[in-house]
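A.B. asks: Supplied structure: protein-v2.pdb, PDB, N, CA and C atoms.
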```
MODEL        1
ATOM      1  N   MET A   1      32.835  81.469 145.420
ATOM      2  CA  MET A   1      34.047  82.114 144.971
ATOM      3  C   MET A   1      34.435  81.529 143.616
ATOM      4  N   ARG A   2      34.834  82.419 142.689
ATOM      5  CA  ARG A   2      35.243  81.996 141.363
ATOM      6  C   ARG A   2      36.752  81.903 141.272
ATOM      7  N   ALA A   3      37.231  80.908 140.590
ATOM      8  CA  ALA A   3      38.666  80.795 140.337
ATOM      9  C   ALA A   3      39.009  81.735 139.183
ATOM     10  N   ILE A   4      40.064  82.483 139.338
ATOM     11  CA  ILE A   4      40.485  83.423 138.313
ATOM     12  C   ILE A   4      41.772  82.921 137.689
ATOM     13  N   ASP A   5      41.752  82.790 136.375
ATOM     14  CA  ASP A   5      42.938  82.350 135.655
ATOM     15  C   ASP A   5      43.760  83.584 135.316
ATOM     16  N   ASP A   6      44.723  83.905 136.149
ATOM     17  CA  ASP A   6      45.562  85.080 135.932
ATOM     18  C   ASP A   6      46.820  84.654 135.190
ATOM     19  N   SER A   7      46.870  84.984 133.928
ATOM     20  CA  SER A   7      47.992  84.593 133.084
ATOM     21  C   SER A   7      49.147  85.575 133.164
ATOM     22  N   SER A   8      49.002  86.653 133.908
ATOM     23  CA  SER A   8      50.013  87.706 133.890
ATOM     24  C   SER A   8      51.386  87.239 134.372
ATOM     25  N   VAL A   9      51.448  86.300 135.283
ATOM     26  CA  VAL A   9      52.738  85.818 135.781
ATOM     27  C   VAL A   9      53.502  85.087 134.677
ATOM     28  N   LYS A  10      52.809  84.222 133.947
ATOM     29  CA  LYS A  10      53.497  83.504 132.863
ATOM     30  C   LYS A  10      53.795  84.437 131.696
ATOM     31  N   TYR A  11      52.907  85.391 131.431
ATOM     32  CA  TYR A  11      53.186  86.378 130.387
ATOM     33  C   TYR A  11      54.455  87.150 130.725
ATOM     34  N   ALA A  12      54.568  87.568 131.976
ATOM     35  CA  ALA A  12      55.740  88.340 132.402
ATOM     36  C   ALA A  12      57.011  87.506 132.264
ATOM     37  N   ALA A  13      56.954  86.238 132.613
ATOM     38  CA  ALA A  13      58.135  85.376 132.507
ATOM     39  C   ALA A  13      58.582  85.259 131.051
ATOM     40  N   VAL A  14      57.629  85.062 130.146
ATOM     41  CA  VAL A  14      57.943  84.949 128.717
ATOM     42  C   VAL A  14      58.511  86.267 128.201
ATOM     43  N   LEU A  15      57.868  87.368 128.533
ATOM     44  CA  LEU A  15      58.308  88.668 128.017
ATOM     45  C   LEU A  15      59.668  89.078 128.576
ATOM     46  N   ARG A  16      59.953  88.712 129.815
ATOM     47  CA  ARG A  16      61.284  89.015 130.379
ATOM     48  C   ARG A  16      62.377  88.300 129.595
ATOM     49  N   LEU A  17      62.141  87.043 129.279
ATOM     50  CA  LEU A  17      63.124  86.297 128.485
ATOM     51  C   LEU A  17      63.294  86.909 127.098
ATOM     52  N   LEU A  18      62.175  87.259 126.476
ATOM     53  CA  LEU A  18      62.252  87.837 125.133
ATOM     54  C   LEU A  18      62.895  89.218 125.148
ATOM     55  N   GLN A  19      62.717  89.929 126.229
ATOM     56  CA  GLN A  19      63.362  91.237 126.329
ATOM     57  C   GLN A  19      64.884  91.072 126.376
ATOM     58  N   THR A  20      65.338  90.034 127.027
ATOM     59  CA  THR A  20      66.770  89.758 127.116
ATOM     60  C   THR A  20      67.321  89.191 125.814
ATOM     61  N   TRP A  21      66.620  88.210 125.247
ATOM     62  CA  TRP A  21      67.125  87.483 124.080
ATOM     63  C   TRP A  21      66.654  88.053 122.742
ATOM     64  N   LYS A  22      65.698  88.981 122.766
ATOM     65  CA  LYS A  22      65.103  89.599 121.557
ATOM     66  C   LYS A  22      64.178  88.644 120.807
ATOM     67  N   GLN A  23      64.646  87.455 120.466
ATOM     68  CA  GLN A  23      63.788  86.450 119.837
ATOM     69  C   GLN A  23      64.333  85.067 120.160
ATOM     70  N   LEU A  24      63.418  84.112 120.239
ATOM     71  CA  LEU A  24      63.800  82.733 120.552
ATOM     72  C   LEU A  24      62.901  81.768 119.794
ATOM     73  N   PRO A  25      63.432  80.591 119.443
ATOM     74  CA  PRO A  25      62.561  79.542 118.907
ATOM     75  C   PRO A  25      61.581  79.093 119.996
ATOM     76  N   GLU A  26      60.397  78.706 119.571
ATOM     77  CA  GLU A  26      59.366  78.295 120.526
ATOM     78  C   GLU A  26      59.857  77.198 121.472
ATOM     79  N   SER A  27      60.576  76.215 120.951
ATOM     80  CA  SER A  27      61.024  75.103 121.797
ATOM     81  C   SER A  27      61.987  75.581 122.888
ATOM     82  N   ASP A  28      62.890  76.490 122.540
ATOM     83  CA  ASP A  28      63.830  77.016 123.540
ATOM     84  C   ASP A  28      63.100  77.833 124.594
ATOM     85  N   LEU A  29      62.194  78.693 124.149
ATOM     86  CA  LEU A  29      61.441  79.527 125.078
ATOM     87  C   LEU A  29      60.608  78.667 126.029
ATOM     88  N   THR A  30      59.963  77.654 125.482
ATOM     89  CA  THR A  30      59.136  76.761 126.309
ATOM     90  C   THR A  30      59.997  76.035 127.343
ATOM     91  N   ARG A  31      61.186  75.605 126.949
ATOM     92  CA  ARG A  31      62.094  74.956 127.892
ATOM     93  C   ARG A  31      62.533  75.905 129.001
ATOM     94  N   MET A  32      62.741  77.168 128.651
ATOM     95  CA  MET A  32      63.244  78.140 129.623
ATOM     96  C   MET A  32      62.179  78.531 130.657
ATOM     97  N   VAL A  33      60.910  78.378 130.314
ATOM     98  CA  VAL A  33      59.823  78.673 131.262
ATOM     99  C   VAL A  33      58.983  77.423 131.512
ATOM    100  N   ARG A  34      59.652  76.307 131.671
ATOM    101  CA  ARG A  34      58.960  75.020 131.772
ATOM    102  C   ARG A  34      58.007  74.914 132.960
ATOM    103  N   GLN A  35      58.175  75.737 133.998
ATOM    104  CA  GLN A  35      57.281  75.663 135.163
ATOM    105  C   GLN A  35      55.847  76.083 134.822
ATOM    106  N   TYR A  36      55.641  76.720 133.652
ATOM    107  CA  TYR A  36      54.302  77.166 133.259
ATOM    108  C   TYR A  36      53.625  76.247 132.242
ATOM    109  N   TYR A  37      54.293  75.229 131.754
ATOM    110  CA  TYR A  37      53.713  74.268 130.804
ATOM    111  C   TYR A  37      53.029  74.964 129.627
ATOM    112  N   LEU A  38      53.758  75.815 128.947
ATOM    113  CA  LEU A  38      53.207  76.566 127.831
ATOM    114  C   LEU A  38      53.144  75.720 126.562
ATOM    115  N   ILE A  39      52.098  75.946 125.786
ATOM    116  CA  ILE A  39      51.949  75.299 124.488
ATOM    117  C   ILE A  39      51.768  76.396 123.437
ATOM    118  N   THR A  40      51.751  76.002 122.180
ATOM    119  CA  THR A  40      51.660  76.973 121.092
ATOM    120  C   THR A  40      50.444  77.882 121.251
ATOM    121  N   ASP A  41      49.337  77.351 121.707
ATOM    122  CA  ASP A  41      48.128  78.169 121.886
ATOM    123  C   ASP A  41      48.331  79.290 122.902
ATOM    124  N   ASP A  42      49.156  79.064 123.912
ATOM    125  CA  ASP A  42      49.450  80.123 124.882
ATOM    126  C   ASP A  42      50.184  81.277 124.208
ATOM    127  N   TYR A  43      51.131  80.940 123.352
ATOM    128  CA  TYR A  43      51.853  81.977 122.616
ATOM    129  C   TYR A  43      50.929  82.674 121.618
ATOM    130  N   ARG A  44      50.037  81.926 120.996
ATOM    131  CA  ARG A  44      49.079  82.533 120.060
ATOM    132  C   ARG A  44      48.171  83.520 120.783
ATOM    133  N   GLU A  45      47.771  83.170 121.991
ATOM    134  CA  GLU A  45      46.940  84.064 122.795
ATOM    135  C   GLU A  45      47.689  85.371 123.072
ATOM    136  N   MET A  46      48.977  85.258 123.390
ATOM    137  CA  MET A  46      49.779  86.457 123.622
ATOM    138  C   MET A  46      49.948  87.254 122.325
ATOM    139  N   GLU A  47      50.063  86.549 121.206
ATOM    140  CA  GLU A  47      50.173  87.236 119.918
ATOM    141  C   GLU A  47      48.871  87.963 119.592
ATOM    142  N   ASP A  48      47.735  87.338 119.874
ATOM    143  CA  ASP A  48      46.436  87.971 119.638
ATOM    144  C   ASP A  48      46.284  89.258 120.447
ATOM    145  N   GLN A  49      46.909  89.293 121.611
ATOM    146  CA  GLN A  49      46.862  90.481 122.457
ATOM    147  C   GLN A  49      47.901  91.522 122.047
ATOM    148  N   GLY A  50      48.751  91.170 121.089
ATOM    149  CA  GLY A  50      49.746  92.108 120.583
ATOM    150  C   GLY A  50      51.033  92.157 121.377
ATOM    151  N   LEU A  51      51.253  91.176 122.281
ATOM    152  CA  LEU A  51      52.429  91.199 123.147
ATOM    153  C   LEU A  51      53.670  90.623 122.489
ATOM    154  N   LEU A  52      53.478  89.753 121.502
ATOM    155  CA  LEU A  52      54.613  89.146 120.809
ATOM    156  C   LEU A  52      54.221  88.784 119.394
ATOM    157  N   THR A  53      55.226  88.453 118.598
ATOM    158  CA  THR A  53      54.976  87.987 117.231
ATOM    159  C   THR A  53      55.521  86.575 117.095
ATOM    160  N   MET A  54      54.858  85.810 116.232
ATOM    161  CA  MET A  54      55.282  84.439 115.949
ATOM    162  C   MET A  54      55.477  84.331 114.444
ATOM    163  N   THR A  55      56.693  83.976 114.033
ATOM    164  CA  THR A  55      57.002  83.810 112.619
ATOM    165  C   THR A  55      57.477  82.387 112.408
ATOM    166  N   PHE A  56      56.817  81.680 111.488
ATOM    167  CA  PHE A  56      57.190  80.285 111.237
ATOM    168  C   PHE A  56      58.428  80.254 110.355
ATOM    169  N   VAL A  57      59.523  79.702 110.891
ATOM    170  CA  VAL A  57      60.787  79.601 110.164
ATOM    171  C   VAL A  57      61.275  78.157 110.291
ATOM    172  N   GLY A  58      61.583  77.530 109.169
ATOM    173  CA  GLY A  58      62.042  76.142 109.211
ATOM    174  C   GLY A  58      60.940  75.234 109.692
ATOM    175  N   ASP A  59      61.122  74.677 110.881
ATOM    176  CA  ASP A  59      60.117  73.749 111.401
ATOM    177  C   ASP A  59      59.473  74.204 112.708
ATOM    178  N   GLU A  60      59.695  75.463 113.095
ATOM    179  CA  GLU A  60      59.038  75.960 114.308
ATOM    180  C   GLU A  60      58.910  77.472 114.283
ATOM    181  N   TYR A  61      58.184  77.984 115.262
ATOM    182  CA  TYR A  61      57.968  79.418 115.369
ATOM    183  C   TYR A  61      59.162  80.104 116.027
ATOM    184  N   ILE A  62      59.477  81.289 115.519
ATOM    185  CA  ILE A  62      60.423  82.183 116.176
ATOM    186  C   ILE A  62      59.561  83.246 116.843
ATOM    187  N   ILE A  63      59.764  83.433 118.130
ATOM    188  CA  ILE A  63      58.911  84.329 118.910
ATOM    189  C   ILE A  63      59.722  85.551 119.323
ATOM    190  N   ALA A  64      59.127  86.726 119.126
ATOM    191  CA  ALA A  64      59.794  87.986 119.461
ATOM    192  C   ALA A  64      58.806  88.901 120.184
ATOM    193  N   VAL A  65      59.325  89.729 121.067
ATOM    194  CA  VAL A  65      58.499  90.667 121.815
ATOM    195  C   VAL A  65      58.178  91.876 120.934
ATOM    196  N   THR A  66      57.002  92.458 121.136
ATOM    197  CA  THR A  66      56.595  93.664 120.416
ATOM    198  C   THR A  66      56.771  94.877 121.326
ATOM    199  N   THR A  67      56.577  96.052 120.763
ATOM    200  CA  THR A  67      56.630  97.275 121.569
ATOM    201  C   THR A  67      55.538  97.241 122.637
ATOM    202  N   LEU A  68      54.356  96.793 122.267
ATOM    203  CA  LEU A  68      53.269  96.668 123.243
ATOM    204  C   LEU A  68      53.647  95.689 124.349
ATOM    205  N   GLY A  69      54.327  94.607 123.989
ATOM    206  CA  GLY A  69      54.785  93.637 124.991
ATOM    207  C   GLY A  69      55.770  94.261 125.965
ATOM    208  N   ARG A  70      56.678  95.080 125.458
ATOM    209  CA  ARG A  70      57.639  95.768 126.336
ATOM    210  C   ARG A  70      56.922  96.726 127.287
ATOM    211  N   LEU A  71      55.944  97.462 126.746
ATOM    212  CA  LEU A  71      55.175  98.390 127.577
ATOM    213  C   LEU A  71      54.350  97.645 128.620
ATOM    214  N   TRP A  72      53.753  96.515 128.216
ATOM    215  CA  TRP A  72      52.973  95.709 129.146
ATOM    216  C   TRP A  72      53.858  95.228 130.298
ATOM    217  N   LEU A  73      55.058  94.750 129.966
ATOM    218  CA  LEU A  73      55.986  94.249 130.978
ATOM    219  C   LEU A  73      56.428  95.368 131.911
ATOM    220  N   GLU A  74      56.688  96.541 131.365
ATOM    221  CA  GLU A  74      57.081  97.684 132.191
ATOM    222  C   GLU A  74      55.974  98.040 133.182
ATOM    223  N   GLN A  75      54.732  98.058 132.710
ATOM    224  CA  GLN A  75      53.598  98.343 133.594
ATOM    225  C   GLN A  75      53.439  97.237 134.640
ATOM    226  N   TYR A  76      53.569  95.989 134.219
ATOM    227  CA  TYR A  76      53.456  94.856 135.145
ATOM    228  C   TYR A  76      54.510  94.947 136.248
ATOM    229  N   ASN A  77      55.756  95.248 135.867
ATOM    230  CA  ASN A  77      56.833  95.371 136.853
ATOM    231  C   ASN A  77      56.576  96.522 137.817
ATOM    232  N   THR A  78      56.051  97.619 137.306
ATOM    233  CA  THR A  78      55.733  98.767 138.169
ATOM    234  C   THR A  78      54.649  98.402 139.177
ATOM    235  N   GLU A  79      53.594  97.747 138.696
ATOM    236  CA  GLU A  79      52.521  97.323 139.598
ATOM    237  C   GLU A  79      52.997  96.304 140.609
ATOM    238  N   GLU A  80      53.865  95.385 140.160
ATOM    239  CA  GLU A  80      54.415  94.364 141.055
ATOM    240  C   GLU A  80      55.250  95.009 142.165
ATOM    241  N   ASN A  81      56.056  95.997 141.818
ATOM    242  CA  ASN A  81      56.878  96.690 142.808
ATOM    243  C   ASN A  81      56.009  97.517 143.761
ATOM    244  N   THR A  82      54.945  98.123 143.262
ATOM    245  CA  THR A  82      54.039  98.906 144.098
ATOM    246  C   THR A  82      53.308  98.015 145.092
ATOM    247  N   ASN A  83      52.876  96.852 144.627
ATOM    248  CA  ASN A  83      52.156  95.910 145.514
ATOM    249  C   ASN A  83      53.087  95.268 146.551
ATOM    250  N   ALA A  84      54.363  95.186 146.244
ATOM    251  CA  ALA A  84      55.318  94.571 147.165
ATOM    252  C   ALA A  84      55.663  95.490 148.336
ATOM    253  N   GLN A  85      55.437  96.769 148.139
ATOM    254  CA  GLN A  85      55.799  97.720 149.204
ATOM    255  C   GLN A  85      54.736  97.887 150.224
TER
ENDMDL
END
```
As structure tokens, what does this structure read like?

C.D. replies:
Amino acid sequence: MRAIDDSSVKYAAVLRLLQTWKQLPESDLTRMVRQYYLITDDYREMEDQGLLTMTFVGDEYIIAVTTLGRLWLEQYNTEENTNAQ
């Protein structure tokens, strides 16, 4: 049996926060989802997938959700609700 690294749960947690707050500094976002131990590379991976944007301002990244990220979260929530029933 192979272990599968399913990042969708942590992606959903990050995108839910960004949907509410619109944009957050990386340090604040990381603190708010501390149960996932996210680092900058995790956010970069999400940016590479088009789910969020990272803009360097001052001394850290400001992270914001993209339209694709909103659509991804909507699909994830729909699938989660379907599987729960």

A.B. asks: Would you please give, as a ChimeraX atom specification, all residues of chain A that DSSP assigns to alpha helix (DSSP H) based on the backbone?

C.D. replies: /A:8-21,26-32,40-48,67-84

A.B. asks: Mind pulling up the distance from atom CA of A:Tyr36 to atom C of A:Ser8?

C.D. replies: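 Atom-to-atom, atom C of A:Ser8 and atom CA of A:Tyr36 are spaced 10.5 Å apart.
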
A.B. asks: Output as a short mmCIF file (atom, residue, chain, number, x, y, z; two decimals) with N, CA and C atoms, keeping the file's coordinate frame all residues of chain A that backbone DSSP marks as strand (DSSP E).

C.D. replies:
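So the final result, stored in selection.cif, reads:
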```
data_model
loop_
_atom_site.label_atom_id
_atom_site.label_comp_id
_atom_site.auth_asym_id
_atom_site.auth_seq_id
_atom_site.Cartn_x
_atom_site.Cartn_y
_atom_site.Cartn_z
N GLN A 23 64.65 87.46 120.47
CA GLN A 23 63.79 86.45 119.84
C GLN A 23 64.33 85.07 120.16
N LEU A 24 63.42 84.11 120.24
CA LEU A 24 63.80 82.73 120.55
C LEU A 24 62.90 81.77 119.79
N PRO A 25 63.43 80.59 119.44
CA PRO A 25 62.56 79.54 118.91
C PRO A 25 61.58 79.09 120.00
N LEU A 52 53.48 89.75 121.50
CA LEU A 52 54.61 89.15 120.81
C LEU A 52 54.22 88.78 119.39
N THR A 53 55.23 88.45 118.60
CA THR A 53 54.98 87.99 117.23
C THR A 53 55.52 86.58 117.10
N MET A 54 54.86 85.81 116.23
CA MET A 54 55.28 84.44 115.95
C MET A 54 55.48 84.33 114.44
N THR A 55 56.69 83.98 114.03
CA THR A 55 57.00 83.81 112.62
C THR A 55 57.48 82.39 112.41
N PHE A 56 56.82 81.68 111.49
CA PHE A 56 57.19 80.28 111.24
C PHE A 56 58.43 80.25 110.36
N VAL A 57 59.52 79.70 110.89
CA VAL A 57 60.79 79.60 110.16
C VAL A 57 61.28 78.16 110.29
N GLU A 60 59.70 75.46 113.10
CA GLU A 60 59.04 75.96 114.31
C GLU A 60 58.91 77.47 114.28
N TYR A 61 58.18 77.98 115.26
CA TYR A 61 57.97 79.42 115.37
C TYR A 61 59.16 80.10 116.03
N ILE A 62 59.48 81.29 115.52
CA ILE A 62 60.42 82.18 116.18
C ILE A 62 59.56 83.25 116.84
N ILE A 63 59.76 83.43 118.13
CA ILE A 63 58.91 84.33 118.91
C ILE A 63 59.72 85.55 119.32
N ALA A 64 59.13 86.73 119.13
CA ALA A 64 59.79 87.99 119.46
C ALA A 64 58.81 88.90 120.18
N VAL A 65 59.32 89.73 121.07
CA VAL A 65 58.50 90.67 121.82
C VAL A 65 58.18 91.88 120.93
#
```

A.B. asks: Could you tell me how far atom N of A:Met54 lies from atom C of A:Asn77, in Å and to one decimal?

C.D. replies: 24.2 Å

A.B. asks: What residues come out when you apply the PyMOL selection byres ((chain A and resi 24) around 6) to this file, written as an MDAnalysis selection string?

C.D. replies: chainID A and resid 21:23 25:26 28:29 61:64

A.B. asks: Please, could you write that set of residues out with N, CA and C atoms as a CSV table (one decimal), keeping the file's coordinate frame?

C.D. replies:
```
chain,number,residue,atom,x,y,z
A,21,TRP,N,66.6,88.2,125.2
A,21,TRP,CA,67.1,87.5,124.1
A,21,TRP,C,66.7,88.1,122.7
A,22,LYS,N,65.7,89.0,122.8
A,22,LYS,CA,65.1,89.6,121.6
A,22,LYS,C,64.2,88.6,120.8
A,23,GLN,N,64.6,87.5,120.5
A,23,GLN,CA,63.8,86.4,119.8
A,23,GLN,C,64.3,85.1,120.2
A,25,PRO,N,63.4,80.6,119.4
A,25,PRO,CA,62.6,79.5,118.9
A,25,PRO,C,61.6,79.1,120.0
A,26,GLU,N,60.4,78.7,119.6
A,26,GLU,CA,59.4,78.3,120.5
A,26,GLU,C,59.9,77.2,121.5
A,28,ASP,N,62.9,76.5,122.5
A,28,ASP,CA,63.8,77.0,123.5
A,28,ASP,C,63.1,77.8,124.6
A,29,LEU,N,62.2,78.7,124.1
A,29,LEU,CA,61.4,79.5,125.1
A,29,LEU,C,60.6,78.7,126.0
A,61,TYR,N,58.2,78.0,115.3
A,61,TYR,CA,58.0,79.4,115.4
A,61,TYR,C,59.2,80.1,116.0
A,62,ILE,N,59.5,81.3,115.5
A,62,ILE,CA,60.4,82.2,116.2
A,62,ILE,C,59.6,83.2,116.8
A,63,ILE,N,59.8,83.4,118.1
A,63,ILE,CA,58.9,84.3,118.9
A,63,ILE,C,59.7,85.6,119.3
A,64,ALA,N,59.1,86.7,119.1
A,64,ALA,CA,59.8,88.0,119.5
A,64,ALA,C,58.8,88.9,120.2
```

A.B. asks: In terms of the shortest atom-to-atom distance over all atoms listed in the file, which of A:Thr66, A:Thr78, A:Asp41, A:Asp6 is closest to A:Thr53?

C.D. replies: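 Checking each candidate against A:Thr53, we get A:Thr66 as the closest.
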
A.B. asks: What is the distance between atom CA of A:Gly58 and atom CA of A:Trp72, in Å to one decimal?

C.D. replies: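 One can read the atom CA of A:Gly58 to atom CA of A:Trp72 distance as 29.4 Å.
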
A.B. asks: Selected by the PyMOL selection byres (((chain A and resi 7 and name CA) around 12) and name CA) in the shown coordinates: which residues, as JSON, numbers by chain?

C.D. replies: {"A": [4, 5, 6, 8, 9, 10, 11, 12, 13, 14, 36, 38, 42, 43, 45, 46, 76]}

A.B. asks: Enclose the full set of atoms of stretch 75-82 of chain A listed in the file within a box whose edges lie along x, y and z, apply 5 Å of padding to each of the six sides, and report centre and edge lengths in Å to one decimal as JSON.

C.D. replies:
```
{"center_x": 54.7, "center_y": 96.6, "center_z": 138.9, "size_x": 14.4, "size_y": 14.5, "size_z": 22.4}
```

A.B. asks: Could you check which of A:Thr30, A:Gln35, A:Glu79, A:Leu15 is closest to A:Leu51, using only C-alpha atoms?

C.D. replies: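 Distance minimum relative to A:Leu51 lands on A:Leu15.
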